[in-house]
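**Student:** Here you go, final_7.tsv (TSV, C-alpha atoms):
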chain	number	residue	atom	x	y	z
A	22	MET	CA	-13.77	-93.55	31.07
A	23	LYS	CA	-12.75	-91.45	28.13
A	24	LYS	CA	-15.53	-88.91	28.83
A	25	GLN	CA	-14.60	-88.70	32.45
A	26	GLY	CA	-10.96	-88.16	31.56
A	27	ILE	CA	-11.82	-85.36	29.17
A	28	ARG	CA	-14.09	-83.75	31.71
A	29	GLY	CA	-11.37	-83.92	34.33
A	30	LEU	CA	-8.87	-82.39	31.99
A	31	ALA	CA	-11.25	-79.50	31.11
A	32	ALA	CA	-11.92	-78.86	34.77
A	33	GLY	CA	-8.23	-78.71	35.45
A	34	ILE	CA	-7.66	-76.21	32.66
A	35	LEU	CA	-10.49	-73.98	33.90
A	36	LEU	CA	-9.08	-74.06	37.42
A	37	ALA	CA	-5.62	-73.08	36.16
A	38	LEU	CA	-7.03	-70.20	34.17
A	39	SER	CA	-8.96	-68.97	37.17
A	40	VAL	CA	-5.86	-68.98	39.32
A	41	ALA	CA	-3.84	-67.18	36.64
A	42	MET	CA	-6.45	-64.47	36.24
A	43	THR	CA	-6.71	-63.98	39.98
A	44	ALA	CA	-2.95	-63.60	40.23
A	45	ALA	CA	-2.86	-61.02	37.42
A	46	ALA	CA	-5.77	-58.96	38.74
A	47	GLY	CA	-3.69	-56.93	41.16
A	48	PRO	CA	-0.99	-55.71	38.69
A	49	ALA	CA	-3.60	-55.00	36.04
A	50	ASP	CA	-5.48	-52.72	38.39
A	51	GLU	CA	-2.27	-50.82	39.13
A	52	ILE	CA	-1.59	-50.42	35.42
A	53	ILE	CA	-5.08	-49.06	34.77
A	54	ALA	CA	-4.74	-46.59	37.66
A	55	ALA	CA	-1.35	-45.39	36.42
A	56	GLU	CA	-2.66	-44.87	32.91
A	57	ALA	CA	-5.63	-42.90	34.23
A	58	GLN	CA	-3.20	-40.49	35.92
A	59	GLY	CA	-1.29	-39.98	32.66
A	60	GLN	CA	1.80	-41.84	33.82
A	61	GLN	CA	3.89	-43.96	31.47
A	62	VAL	CA	3.72	-47.61	32.34
A	63	PRO	CA	6.68	-49.80	31.43
A	64	GLN	CA	5.76	-52.84	29.39
A	65	ALA	CA	6.12	-56.18	31.05
A	66	GLU	CA	8.21	-58.88	29.60
A	67	GLY	CA	6.40	-61.23	27.28
A	68	VAL	CA	3.73	-58.61	26.39
A	69	GLN	CA	3.06	-57.88	22.74
A	70	GLN	CA	1.12	-54.98	21.19
A	71	VAL	CA	-1.83	-56.13	19.16
A	72	GLN	CA	-4.03	-53.80	17.09
A	73	ALA	CA	-7.49	-55.06	16.39
A	74	PRO	CA	-9.07	-53.98	13.14
A	75	GLY	CA	-10.35	-50.40	13.51
A	76	SER	CA	-9.34	-50.25	17.21
A	77	PRO	CA	-6.39	-48.84	19.25
A	78	VAL	CA	-3.36	-50.94	20.23
A	79	VAL	CA	-3.90	-53.21	23.26
A	80	ASP	CA	-1.46	-55.20	25.35
A	81	VAL	CA	-2.03	-58.89	25.58
A	82	ALA	CA	0.13	-60.85	28.00
A	83	GLY	CA	1.62	-63.86	26.33
A	84	SER	CA	-0.72	-63.61	23.34
A	85	GLY	CA	2.12	-64.37	20.97
A	86	ALA	CA	0.83	-62.55	17.78
A	87	ALA	CA	-1.43	-59.68	16.55
A	88	GLY	CA	-4.81	-60.46	15.04
A	89	ALA	CA	-4.96	-59.73	11.27
A	90	GLN	CA	-7.69	-57.54	9.60
A	91	THR	CA	-10.01	-59.04	7.09
A	92	PRO	CA	-10.04	-57.57	3.55
A	93	ALA	CA	-13.42	-55.99	4.24
A	94	GLU	CA	-12.09	-54.29	7.35
A	95	GLN	CA	-9.04	-53.02	5.51
A	96	GLN	CA	-11.24	-51.53	2.77
A	97	ALA	CA	-13.47	-49.88	5.36
A	98	ASP	CA	-10.46	-48.36	7.13
A	99	ALA	CA	-9.02	-47.12	3.82
A	100	ALA	CA	-12.36	-45.58	2.83
A	101	ALA	CA	-12.67	-43.89	6.22
A	102	MET	CA	-9.14	-42.52	5.96
A	103	ALA	CA	-9.77	-41.22	2.42
A	104	ALA	CA	-12.99	-39.54	3.54
A	105	TRP	CA	-11.20	-37.93	6.49
A	106	GLN	CA	-8.36	-36.67	4.25
A	107	GLN	CA	-10.88	-35.27	1.74
A	108	ALA	CA	-12.75	-33.48	4.51
A	109	GLN	CA	-9.48	-32.03	5.84
A	110	ALA	CA	-8.48	-30.84	2.36
A	111	GLU	CA	-11.89	-29.23	1.82
A	112	ALA	CA	-11.74	-27.55	5.21
A	113	LEU	CA	-8.26	-26.18	4.46
A	114	ALA	CA	-9.34	-24.92	1.04
A	115	ALA	CA	-12.38	-23.21	2.57
A	116	GLN	CA	-10.19	-21.59	5.23
A	117	GLN	CA	-7.72	-20.31	2.62
A	118	ALA	CA	-10.53	-18.97	0.44
A	119	ALA	CA	-12.04	-17.19	3.42
A	120	GLN	CA	-8.68	-15.66	4.32
A	121	ALA	CA	-8.13	-14.51	0.71
A	122	LEU	CA	-11.61	-12.96	0.59
A	123	ALA	CA	-11.06	-11.26	3.91
A	124	GLY	CA	-7.76	-9.85	2.62
A	125	GLN	CA	-9.39	-8.53	-0.54
A	126	GLN	CA	-12.19	-6.98	1.46
A	127	ALA	CA	-9.68	-5.36	3.81
A	128	ASP	CA	-7.70	-3.97	0.85
A	129	ALA	CA	-10.86	-2.62	-0.75
A	130	ALA	CA	-11.94	-1.04	2.53
A	131	ALA	CA	-8.51	0.56	2.99
A	132	MET	CA	-8.56	1.93	-0.56
A	133	ALA	CA	-12.06	3.30	-0.10
A	134	ALA	CA	-11.01	4.97	3.14
A	135	TRP	CA	-7.93	6.52	1.47
A	136	GLN	CA	-9.99	7.79	-1.45
A	137	GLN	CA	-12.53	9.26	0.95
A	138	ALA	CA	-9.77	11.00	2.91
A	139	GLN	CA	-8.28	12.39	-0.32
A	140	ALA	CA	-11.66	13.66	-1.45
A	141	GLU	CA	-12.29	15.30	1.92
A	142	ALA	CA	-8.84	16.92	1.91
A	143	LEU	CA	-9.40	18.28	-1.60
A	144	ALA	CA	-12.83	19.57	-0.68
A	145	ALA	CA	-11.40	21.29	2.39
A	146	GLN	CA	-8.63	22.86	0.33
A	147	GLN	CA	-11.10	24.10	-2.27
A	148	ALA	CA	-13.41	25.45	0.43
A	149	ALA	CA	-10.52	27.30	2.06
A	150	LEU	CA	-9.45	28.77	-1.29
A	151	GLN	CA	-12.99	29.86	-2.08
A	152	ALA	CA	-13.34	31.46	1.33
A	153	GLN	CA	-10.05	33.29	0.85
A	154	GLN	CA	-11.07	34.46	-2.61
A	155	ALA	CA	-14.45	35.64	-1.32
A	156	GLN	CA	-12.79	37.55	1.50
A	157	GLN	CA	-10.29	39.16	-0.84
A	158	ALA	CA	-13.00	39.98	-3.36
A	159	ALA	CA	-15.02	41.68	-0.63
A	160	LEU	CA	-12.01	43.73	0.42
A	161	THR	CA	-11.26	44.64	-3.20
A	162	THR	CA	-14.86	45.80	-3.64
A	163	GLN	CA	-14.30	48.08	-0.68
A	164	GLY	CA	-11.15	49.44	-2.31
A	165	ILE	CA	-8.84	47.48	-0.01
A	166	ARG	CA	-6.15	45.15	-1.42
A	167	GLN	CA	-5.19	42.55	1.17
A	168	LEU	CA	-1.75	40.95	0.77
A	169	ASP	CA	0.31	38.83	3.11
A	170	PRO	CA	3.98	39.89	3.03
A	171	ASN	CA	5.02	36.52	4.46
A	172	ARG	CA	3.57	34.55	1.56
A	173	PRO	CA	5.29	34.27	-1.83
A	174	MET	CA	4.46	36.79	-4.54
A	175	VAL	CA	5.11	37.00	-8.27
A	176	ALA	CA	4.34	39.64	-10.89
A	177	LEU	CA	2.92	38.62	-14.27
A	178	THR	CA	3.71	41.34	-16.82
A	179	PHE	CA	2.41	41.71	-20.40
A	180	ASP	CA	4.16	43.85	-23.01
A	181	ASP	CA	3.24	45.50	-26.32
A	182	GLY	CA	-0.50	46.05	-25.74
A	183	PRO	CA	-3.10	47.15	-25.32
A	184	TYR	CA	-4.94	44.54	-27.35
A	185	ALA	CA	-8.46	43.95	-26.06
A	186	LYS	CA	-8.87	40.48	-27.55
A	187	VAL	CA	-6.05	39.20	-25.35
A	188	GLY	CA	-6.02	41.69	-22.48
A	189	ASN	CA	-9.69	41.24	-21.59
A	190	ARG	CA	-9.28	37.47	-21.39
A	191	ILE	CA	-6.34	37.91	-19.02
A	192	MET	CA	-8.35	40.27	-16.83
A	193	ASP	CA	-11.40	37.98	-16.85
A	194	CYS	CA	-9.27	35.14	-15.51
A	195	ALA	CA	-7.45	37.35	-13.02
A	196	ALA	CA	-10.77	38.55	-11.59
A	197	GLN	CA	-11.72	34.99	-10.65
A	198	TYR	CA	-8.62	34.61	-8.47
A	199	ASN	CA	-8.19	38.14	-7.14
A	200	ALA	CA	-4.99	38.37	-9.18
A	201	LYS	CA	-3.49	41.62	-10.42
A	202	VAL	CA	-1.07	41.97	-13.31
A	203	THR	CA	0.95	44.70	-14.97
A	204	PHE	CA	0.46	45.81	-18.58
A	205	TYR	CA	3.37	47.63	-20.23
A	206	VAL	CA	1.59	49.46	-23.04
A	207	VAL	CA	2.76	51.19	-26.20
A	208	GLY	CA	1.51	54.78	-26.31
A	209	ASP	CA	0.37	54.86	-29.92
A	210	ARG	CA	-2.08	51.97	-29.24
A	211	VAL	CA	-3.72	53.47	-26.16
A	212	ASN	CA	-6.46	55.52	-27.87
A	213	THR	CA	-7.49	52.56	-30.03
A	214	TYR	CA	-8.19	50.44	-26.95
A	215	ALA	CA	-9.33	53.16	-24.56
A	216	SER	CA	-12.09	51.01	-22.99
A	217	GLU	CA	-9.64	48.25	-22.20
A	218	MET	CA	-7.20	50.77	-20.75
A	219	ARG	CA	-9.84	52.12	-18.39
A	220	ARG	CA	-10.78	48.61	-17.34
A	221	MET	CA	-7.14	47.90	-16.43
A	222	VAL	CA	-7.08	50.83	-14.05
A	223	ASN	CA	-10.60	50.33	-12.66
A	224	GLU	CA	-9.89	46.70	-11.75
A	225	GLY	CA	-6.63	47.45	-9.96
A	226	HIS	CA	-4.11	46.32	-12.57
A	227	GLU	CA	-1.00	48.39	-13.13
A	228	VAL	CA	-0.28	50.22	-16.38
A	229	GLY	CA	3.38	50.73	-17.21
A	230	ASN	CA	5.20	52.70	-19.91
A	231	HIS	CA	6.61	50.76	-22.90
A	232	THR	CA	7.51	53.91	-24.93
A	233	MET	CA	5.34	55.72	-27.44
A	234	ASN	CA	6.29	53.75	-30.58
A	235	HIS	CA	8.20	50.71	-29.26
A	236	LYS	CA	11.52	52.02	-30.50
A	237	ILE	CA	14.79	50.39	-29.42
A	238	LEU	CA	16.15	53.15	-27.24
A	239	THR	CA	19.81	52.23	-27.64
A	240	LYS	CA	19.50	53.21	-31.32
A	241	ILE	CA	18.20	56.75	-30.81
A	242	GLY	CA	19.53	59.89	-29.21
A	243	ALA	CA	18.95	61.40	-25.78
A	244	GLY	CA	16.20	63.80	-26.85
A	245	GLU	CA	14.19	61.14	-28.63
A	246	ILE	CA	14.57	58.77	-25.70
A	247	ALA	CA	13.06	61.32	-23.36
A	248	ALA	CA	10.26	62.06	-25.88
A	249	GLN	CA	9.37	58.38	-26.24
A	250	ILE	CA	8.90	58.08	-22.49
A	251	GLU	CA	7.04	61.33	-21.95
A	252	LYS	CA	4.62	60.91	-24.86
A	253	CYS	CA	3.60	57.46	-23.60
A	254	ASN	CA	3.12	58.75	-20.07
A	255	GLN	CA	0.84	61.49	-21.43
A	256	ALA	CA	-1.17	59.16	-23.69
A	257	VAL	CA	-1.95	56.85	-20.77
A	258	GLN	CA	-2.86	59.71	-18.48
A	259	ASN	CA	-5.18	61.26	-21.07
A	260	VAL	CA	-7.25	58.06	-21.31
A	261	THR	CA	-7.13	56.71	-17.76
A	262	GLY	CA	-6.28	59.68	-15.58
A	263	ILE	CA	-3.31	57.74	-14.20
A	264	ARG	CA	0.32	58.41	-15.07
A	265	PRO	CA	2.50	55.27	-15.35
A	266	ARG	CA	4.89	54.84	-12.46
A	267	THR	CA	7.41	52.48	-14.07
A	268	VAL	CA	9.04	51.99	-17.50
A	269	ARG	CA	9.98	48.88	-19.43
A	270	LEU	CA	12.57	49.21	-22.17
A	271	PRO	CA	11.67	47.63	-25.56
A	272	GLY	CA	13.79	44.50	-25.89
A	273	GLY	CA	15.42	45.32	-22.55
A	274	GLY	CA	18.07	47.36	-24.38
A	275	LYS	CA	19.89	49.94	-22.30
A	276	ASN	CA	23.10	51.95	-22.18
A	277	SER	CA	24.35	54.98	-20.31
A	278	THR	CA	22.40	57.37	-22.56
A	279	VAL	CA	19.17	55.49	-22.01
A	280	LEU	CA	19.63	55.41	-18.25
A	281	ALA	CA	20.53	59.09	-18.13
A	282	ASN	CA	17.32	60.13	-19.88
A	283	ILE	CA	14.75	58.09	-17.95
A	284	SER	CA	13.93	59.24	-14.46
A	285	GLN	CA	11.32	56.60	-13.57
A	286	PRO	CA	12.19	53.14	-12.15
A	287	ILE	CA	13.02	50.71	-14.98
A	288	ILE	CA	11.50	47.22	-14.67
A	289	LEU	CA	12.97	44.38	-16.71
A	290	TRP	CA	12.42	40.68	-15.83
A	291	ASN	CA	14.12	37.54	-14.59
A	292	LEU	CA	11.78	34.88	-16.06
A	293	ASP	CA	11.18	35.10	-19.81
A	294	THR	CA	8.55	32.81	-21.33
A	295	LEU	CA	9.70	33.63	-24.89
A	296	ASP	CA	6.00	33.49	-25.82
A	297	TRP	CA	6.56	35.90	-28.71
A	298	LYS	CA	8.94	33.35	-30.26
A	299	HIS	CA	7.22	29.96	-29.90
A	300	ARG	CA	3.62	31.16	-29.43
A	301	ASN	CA	2.70	27.95	-27.66
A	302	ALA	CA	0.71	28.07	-24.42
A	303	ALA	CA	1.97	24.75	-23.05
A	304	THR	CA	5.58	25.83	-23.54
A	305	SER	CA	4.99	29.09	-21.68
A	306	VAL	CA	3.23	27.31	-18.82
A	307	GLN	CA	6.00	24.73	-18.48
A	308	LYS	CA	8.66	27.43	-18.53
A	309	VAL	CA	7.03	29.31	-15.66
A	310	LEU	CA	5.98	26.40	-13.47
A	311	SER	CA	9.33	24.65	-13.73
A	312	SER	CA	11.31	27.55	-12.33
A	313	VAL	CA	9.03	30.12	-10.66
A	314	LYS	CA	9.96	31.41	-7.20
A	315	ASP	CA	9.07	34.17	-4.80
A	316	GLY	CA	9.78	37.66	-6.14
A	317	ASP	CA	9.92	36.74	-9.83
A	318	VAL	CA	8.96	39.20	-12.55
A	319	ILE	CA	7.56	37.12	-15.43
A	320	LEU	CA	7.65	38.43	-19.01
A	321	MET	CA	4.80	37.69	-21.42
A	322	HIS	CA	3.10	39.62	-24.23
A	323	GLU	CA	-0.44	40.86	-24.75
A	324	LEU	CA	-0.48	40.35	-28.51
A	325	TYR	CA	-0.92	36.58	-28.84
A	326	THR	CA	-3.89	34.28	-28.23
A	327	ALA	CA	-1.48	31.61	-26.98
A	328	SER	CA	-0.26	34.04	-24.32
A	329	ALA	CA	-3.83	34.53	-23.08
A	330	ASP	CA	-4.28	30.75	-23.04
A	331	ALA	CA	-1.10	30.39	-20.99
A	332	ALA	CA	-2.13	33.15	-18.57
A	333	CYS	CA	-5.48	31.47	-17.99
A	334	GLN	CA	-3.64	28.31	-16.95
A	335	LEU	CA	-0.92	30.01	-14.94
A	336	ILE	CA	-3.15	32.27	-12.86
A	337	PRO	CA	-5.16	29.47	-11.17
A	338	GLU	CA	-2.16	27.14	-10.90
A	339	LEU	CA	0.14	29.71	-9.31
A	340	THR	CA	-2.67	30.68	-6.94
A	341	ALA	CA	-3.17	27.02	-6.00
A	342	ARG	CA	0.55	26.76	-5.27
A	343	GLY	CA	0.28	29.58	-2.76
A	344	TYR	CA	1.56	32.51	-4.83
A	345	GLN	CA	-0.03	35.92	-4.59
A	346	LEU	CA	-0.27	37.45	-8.06
A	347	VAL	CA	0.55	41.11	-7.67
A	348	THR	CA	1.46	44.16	-9.71
A	349	VAL	CA	5.07	45.23	-10.04
A	350	SER	CA	4.53	48.15	-7.65
A	351	GLU	CA	2.85	45.88	-5.07
A	352	LEU	CA	5.72	43.42	-5.29
A	353	ALA	CA	8.28	46.19	-4.88
A	354	GLN	CA	6.36	47.63	-1.93
A	355	TYR	CA	6.95	44.44	0.08
A	356	ARG	CA	10.48	43.86	-1.20
A	357	GLY	CA	12.30	47.09	-0.50
A	358	GLY	CA	10.50	49.68	-2.64
A	359	LEU	CA	11.42	51.43	-5.91
A	360	ASN	CA	13.91	54.16	-6.67
A	361	ASN	CA	13.94	56.40	-9.72
A	362	ASN	CA	16.54	55.84	-12.43
A	363	ARG	CA	17.30	52.35	-11.22
A	364	VAL	CA	16.94	49.02	-13.05
A	365	TYR	CA	15.11	46.08	-11.42
A	366	TYR	CA	14.94	42.49	-12.64
A	367	SER	CA	13.16	40.81	-9.73
A	368	PHE	CA	12.25	41.40	-6.09
A	369	GLY	CA	13.49	38.45	-4.03
A	370	ARG	CA	13.70	38.58	-0.28
Rewrite the structure from the file as structure tokens, please.
**Tutor:**
Amino acid sequence: MKKQGIRGLAAGILLALSVAMTAAAGPADEIIAAEAQGQQVPQAEGVQQVQAPGSPVVDVAGSGAAGAQTPAEQQADAAAMAAWQQAQAEALAAQQAAQALAGQQADAAAMAAWQQAQAEALAAQQAALQAQQAQQAALTTQGIRQLDPNRPMVALTFDDGPYAKVGNRIMDCAAQYNAKVTFYVVGDRVNTYASEMRRMVNEGHEVGNHTMNHKILTKIGAGEIAAQIEKCNQAVQNVTGIRPRTVRLPGGGKNSTVLANISQPIILWNLDTLDWKHRNAATSVQKVLSSVKDGDVILMHELYTASADAACQLIPELTARGYQLVTVSELAQYRGGLNNNRVYYSFGR
């Protein structure tokens, strides 16, 4: 009897469960369909969320409580999470390293491209300068001096020579850049350096008159002033065949008597290197380059090695800056000309 009662009770429970499951089948199907379409399904009353170990949350109708994870499952989940976090950290580090390397490579490539462009620009500039120098040298060989009146010009002038040790160095450098300069010579030195004097004229440099004995003209009388000028003119002409066109006064000293007894144009200066005083090439170069401008007449001297050193730096640098290095007469030709018995300091536009 007891077995039959138990069996009857079990059968009743199974029948009740079957009925309950059949009744819930319809709503469950609707829920599944709604979830498949991405729609939010409201939770029924009496439904609790239960998360099985290592699995997503599931809804259990009337289950009453969530199943707990075993210690082994918890350790497995923790290990999996730690491994995932480590992998993410390593991936992020690798990405950042790759980005940093890419940035460095891009910077290096940009720098290389800039350096290449600079090198090409410099090479082009040098090629253009060499072509210009070759063209001008060819014209000079043919006896033609080509100047551009629209480009800046300056006149380098050297007093108190001739002195071959310095003058020949200046002319050697000038020849490399198709530059011409003006030498204001003292008449009583001309015969001593006759070969240098002839070279000045043959290479297109200008020879000016700096009196016969470098006397300060404001301290002598009218007759001696005239003699100082004429004797120097004659000394230069005897050696070179050319008579100086312009005069430079020793020390720049002048008064009414001096001006009345000199008929040639008088050329002074507007940029004084003071090379005779400091005798330092770097100082002379800095003085010129810091203030030079179109039309300047630059005063230097032919007596000092430091002046030759300065000239050999100034000639290429001024040429590179676009200046044409011309004689005083060439500069005057493009800046209004020269008149006798007049004093000139520079030839600006």
**Student:** At what distance in Å, to one decimal, does CA of Gln285 (chain A) lie from CA of Glu217 (chain A)?
**Tutor:**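 Interatomic distance here is 24.2 Å.
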**Student:** Report, in Å with one decimal, the straight-line distance from CA of Pro337 (chain A) to CA of Tyr214 (chain A).
**Tutor:**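 Rounded to one decimal, the two atoms are 26.4 Å apart.
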**Student:** Using only C-alpha atoms, which residues sit within 10 Å of region 340-345 of chain A once same-chain residues fewer than 6 positions away are excluded, as a PyMOL selection string?
**Tutor:** chain A and resi 146-147+150+168-170+172-176+198-201+310+313-316+352
**Student:** Neighbourhood query: residues within 12 Å of (7.0, 38.1, -27.3), file coordinates, counting only C-alpha atoms; return as a PyMOL selection string.
**Tutor:** chain A and resi 178-182+271-272+293-301+305+319-328
**Student:** Just want the 12 Å neighbourhood of Lys240 (chain A), counted on all atoms listed in the file, with same-chain residues fewer than 5 positions away dropped. Output as an MDAnalysis selection string.
**Tutor:** chainID A and resid 235 245:246 271:272 274:276 278:279
**Student:** Can you work out the spacing between CA of His226 (chain A) and CA of Ser284 (chain A) in Å, to one decimal?
**Tutor:** 22.3 Å
**Student:** In terms of the shortest atom-to-atom distance over all atoms listed in the file, which of A:Cys253, A:Gly357, A:Leu346, A:Ala114 is closest to Gln167 (chain A)?
**Tutor:**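 Residue with the minimum atom-to-atom distance to Gln167 (chain A): A:Leu346.
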**Student:** Kindly write region 191-229 of chain A with C-alpha atoms to a file, as an mmCIF file, in the first residue's frame.
**Tutor:**
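The resulting file, part-v4.cif, is reproduced below:
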data_model
loop_
_atom_site.group_PDB
_atom_site.id
_atom_site.type_symbol
_atom_site.label_atom_id
_atom_site.label_comp_id
_atom_site.auth_asym_id
_atom_site.auth_seq_id
_atom_site.Cartn_x
_atom_site.Cartn_y
_atom_site.Cartn_z
ATOM 1 C CA ILE A 191 93.869 90.564 -53.214
ATOM 2 C CA MET A 192 94.004 90.265 -56.992
ATOM 3 C CA ASP A 193 94.308 86.462 -56.846
ATOM 4 C CA CYS A 194 91.114 86.283 -54.817
ATOM 5 C CA ALA A 195 89.327 88.866 -56.947
ATOM 6 C CA ALA A 196 90.109 86.881 -60.096
ATOM 7 C CA GLN A 197 88.216 83.873 -58.749
ATOM 8 C CA TYR A 198 85.004 85.895 -58.403
ATOM 9 C CA ASN A 199 85.301 88.294 -61.338
ATOM 10 C CA ALA A 200 85.676 91.109 -58.810
ATOM 11 C CA LYS A 201 87.437 94.387 -59.531
ATOM 12 C CA VAL A 202 88.874 96.734 -56.924
ATOM 13 C CA THR A 203 90.528 100.137 -56.813
ATOM 14 C CA PHE A 204 94.089 100.722 -55.603
ATOM 15 C CA TYR A 205 94.966 104.253 -54.486
ATOM 16 C CA VAL A 206 98.751 104.210 -54.818
ATOM 17 C CA VAL A 207 101.524 106.446 -53.530
ATOM 18 C CA GLY A 208 103.694 107.677 -56.401
ATOM 19 C CA ASP A 209 107.084 107.121 -54.797
ATOM 20 C CA ARG A 210 106.322 103.374 -54.413
ATOM 21 C CA VAL A 211 105.213 102.747 -57.990
ATOM 22 C CA ASN A 212 108.616 101.996 -59.558
ATOM 23 C CA THR A 213 109.487 99.550 -56.777
ATOM 24 C CA TYR A 214 106.412 97.450 -57.546
ATOM 25 C CA ALA A 215 106.173 98.022 -61.289
ATOM 26 C CA SER A 216 105.153 94.409 -62.068
ATOM 27 C CA GLU A 217 102.285 94.577 -59.611
ATOM 28 C CA MET A 218 101.205 97.925 -61.035
ATOM 29 C CA ARG A 219 101.027 96.487 -64.539
ATOM 30 C CA ARG A 220 99.063 93.508 -63.281
ATOM 31 C CA MET A 221 96.488 95.866 -61.716
ATOM 32 C CA VAL A 222 95.849 97.510 -65.047
ATOM 33 C CA ASN A 223 96.011 94.330 -67.144
ATOM 34 C CA GLU A 224 93.405 92.585 -64.970
ATOM 35 C CA GLY A 225 90.935 95.464 -65.069
ATOM 36 C CA HIS A 226 91.453 96.955 -61.617
ATOM 37 C CA GLU A 227 91.488 100.711 -61.234
ATOM 38 C CA VAL A 228 94.566 102.668 -60.162
ATOM 39 C CA GLY A 229 93.910 105.922 -58.346
#
